[in-house]
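This is input-v4.pdb. It holds PDB, C-alpha atoms and all ligand atoms.
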```pdb
ATOM      1  CA  MET A   1      -0.353  -0.207 -18.837
ATOM      2  CA  ASN A   2      -0.005  -0.319 -15.062
ATOM      3  CA  ARG A   3      -1.546  -3.350 -13.364
ATOM      4  CA  GLY A   4      -0.359  -2.386  -9.870
ATOM      5  CA  LYS A   5      -3.820  -1.413  -8.669
ATOM      6  CA  GLU A   6      -5.045  -4.935  -9.171
ATOM      7  CA  LEU A   7      -2.873  -6.053  -6.279
ATOM      8  CA  LEU A   8      -3.310  -5.251  -2.637
ATOM      9  CA  ILE A   9      -1.065  -3.782  -0.024
ATOM     10  CA  LYS A  10      -0.053  -6.403   2.493
ATOM     11  CA  ILE A  11      -0.178  -5.688   6.206
ATOM     12  CA  ASN A  12       1.460  -8.185   8.490
ATOM     13  CA  LEU A  13      -0.617  -7.717  11.621
ATOM     14  CA  SER A  14       1.751  -9.851  13.659
ATOM     15  CA  LEU A  15       4.326  -7.063  13.230
ATOM     16  CA  CYS A  16       1.888  -4.188  13.689
ATOM     17  CA  VAL A  17       2.173  -2.182  16.914
ATOM     18  CA  HIS A  18      -1.040  -0.252  16.204
ATOM     19  CA  CYS A  19       0.587   3.160  16.103
ATOM     20  CA  GLY A  20      -1.793   4.422  13.415
ATOM     21  CA  ALA A  21       0.907   6.230  11.478
ATOM     22  CA  CYS A  22       0.098   4.533   8.191
ATOM     23  CA  ALA A  23      -3.539   5.579   8.223
ATOM     24  CA  TYR A  24      -2.632   9.051   9.441
ATOM     25  CA  LEU A  25      -0.309   9.574   6.487
ATOM     26  CA  CYS A  26      -2.488   7.952   3.857
ATOM     27  CA  SER A  27      -3.809  10.873   1.835
ATOM     28  CA  THR A  28      -6.220   8.836  -0.258
ATOM     29  CA  GLY A  29      -8.290   7.179   2.447
ATOM     30  CA  THR A  30      -7.106   3.770   1.380
ATOM     31  CA  LEU A  31      -5.814   2.815   4.802
ATOM     32  CA  ILE A  32      -7.907   3.378   7.879
ATOM     33  CA  ILE A  33      -7.749   2.285  11.482
ATOM     34  CA  SER A  34     -10.652   0.095  12.513
ATOM     35  CA  ASP A  35     -10.824  -1.483  15.949
ATOM     36  CA  ALA A  36      -7.219  -0.360  16.477
ATOM     37  CA  GLU A  37      -5.984  -2.240  13.416
ATOM     38  CA  PRO A  38      -4.941  -0.909  10.011
ATOM     39  CA  VAL A  39      -7.357  -1.924   7.295
ATOM     40  CA  VAL A  40      -7.226  -1.498   3.529
ATOM     41  CA  ASP A  41     -10.625   0.125   3.168
ATOM     42  CA  GLN A  42     -10.571   1.486  -0.368
ATOM     43  CA  PRO A  43      -7.953  -0.376  -2.397
ATOM     44  CA  ASP A  44      -8.979   1.274  -5.644
ATOM     45  CA  GLN A  45      -7.980   4.648  -4.226
ATOM     46  CA  CYS A  46      -4.365   3.686  -3.487
ATOM     47  CA  SER A  47      -1.859   5.760  -5.420
ATOM     48  CA  ASN A  48       1.062   3.486  -4.510
ATOM     49  CA  CYS A  49       2.806   6.517  -3.041
ATOM     50  CA  GLY A  50       4.720   4.392  -0.546
ATOM     51  CA  ALA A  51       4.150   6.665   2.442
ATOM     52  CA  CYS A  52       2.610   3.946   4.593
ATOM     53  CA  GLU A  53       5.395   1.480   3.886
ATOM     54  CA  GLU A  54       8.023   4.104   4.587
ATOM     55  CA  ILE A  55       6.539   5.360   7.865
ATOM     56  CA  CYS A  56       5.736   1.979   9.375
ATOM     57  CA  PRO A  57       8.225   1.529  12.234
ATOM     58  CA  THR A  58       8.087  -2.251  12.164
ATOM     59  CA  GLY A  59       8.097  -3.062   8.452
ATOM     60  CA  ALA A  60       4.596  -4.460   8.656
ATOM     61  CA  ILE A  61       3.476  -2.986   5.335
ATOM     62  CA  SER A  62       4.535  -4.193   1.908
ATOM     63  CA  LEU A  63       3.355  -2.461  -1.204
ATOM     64  CA  PRO A  64       2.363  -4.622  -4.146
ATOM     65  CA  PHE A  65       4.591  -5.153  -7.077
ATOM     66  CA  VAL A  66       3.851  -2.694  -9.836
ATOM     67  CA  ILE A  67       4.106  -4.382 -13.180
ATOM     68  CA  THR A  68       4.619  -2.138 -16.153
ATOM     69  CA  TRP A  69       5.464  -2.881 -19.711
ATOM     70  CA  GLN A  70       5.500  -1.232 -23.063
ATOM     71  CA  PRO A  71       5.201  -2.572 -26.563
ATOM     72  CA  THR A  72       8.426  -3.225 -28.363
ATOM     73  CA  THR A  73       8.956  -2.757 -32.026
ATOM     74  CA  LEU A  74       9.688  -5.979 -33.821
ATOM     75  CA  ILE A  75      12.389  -5.691 -36.425
ATOM     76  CA  GLU A  76      12.433  -8.349 -39.102
TER      77      GLU A  76
HETATM   78  S1  LIG G   1       0.665   3.571  -0.751
HETATM   79 FE1  LIG G   1      -0.001   5.691  -0.275
HETATM   80  S2  LIG G   1      -2.128   5.812  -0.978
HETATM   81 FE2  LIG G   1      -1.604   3.618  -0.866
HETATM   82  S3  LIG G   1      -2.280   2.969   1.187
HETATM   83 FE3  LIG G   1      -0.109   3.582   1.365
HETATM   84  S4  LIG G   1      -0.146   5.782   1.987
HETATM   85 FE4  LIG G   1      -2.207   5.235   1.190
HETATM   86  S1  LIG G   2       2.351   2.133  10.659
HETATM   87 FE1  LIG G   2       2.813  -0.086  10.816
HETATM   88  S2  LIG G   2       2.803  -0.502  13.023
HETATM   89 FE2  LIG G   2       1.742   1.463  12.736
HETATM   90  S3  LIG G   2      -0.468   0.918  12.531
HETATM   91 FE3  LIG G   2       0.407   0.987  10.456
HETATM   92  S4  LIG G   2       1.002  -1.185  10.013
HETATM   93 FE4  LIG G   2       0.735  -0.982  12.245
END
```

Would it be possible to restate this file's structure as structure tokens?
Amino acid sequence: MNRGKELLIKINLSLCVHCGACAYLCSTGTLIISDAEPVVDQPDQCSNCGACEEICPTGAISLPFVITWQPTTLIE
């Protein structure tokens, strides 16, 4: 079970230079530019692809932790 979608991308606007690259690359419509600032518009649509974090020239974007686990078999 992947709980990553329950957490939000973080955008540090104090580092943002408003280049728009993150929203331009976001293929899911999660990130948009509104009033010249990047906004997480549709968090449920995020695929955690990492493109926005990778393209951001200032390191303003941090993707959420993705927590995964699987059942283990207990041996008595
Ligand atoms: S991780 Fe991918 S899908 Fe999610 S906001 Fe960034 S570019 Fe869009
Ligand atoms: S890529 Fe980074 S600097 Fe450019 S708009 Fe997005 S958050 Fe701001």

Go through the chains and note each residue within 9 Å of ligand LIG 2 (chain G), using all atoms listed in the file, then give the set as a ChimeraX atom specification. /A:11-13,15-25,31,33,36-39,52-61

Residues within 6 Å of ligand LIG 1 (chain G) should be enumerated using only C-alpha atoms and all ligand atoms and returned as a list in words. Leu25, Cys26, Ser27, Thr28, Thr30, Leu31, Cys46, Ser47, Asn48, Cys49, Gly50, Ala51 and Cys52 of chain A

Please provide the set of residues having any atom within 8 Å of Ile9 (chain A), restricted to only C-alpha atoms, with same-chain residues fewer than 2 positions apart removed, written as a PyMOL selection string. chain A and resi 7+11+40+61-64
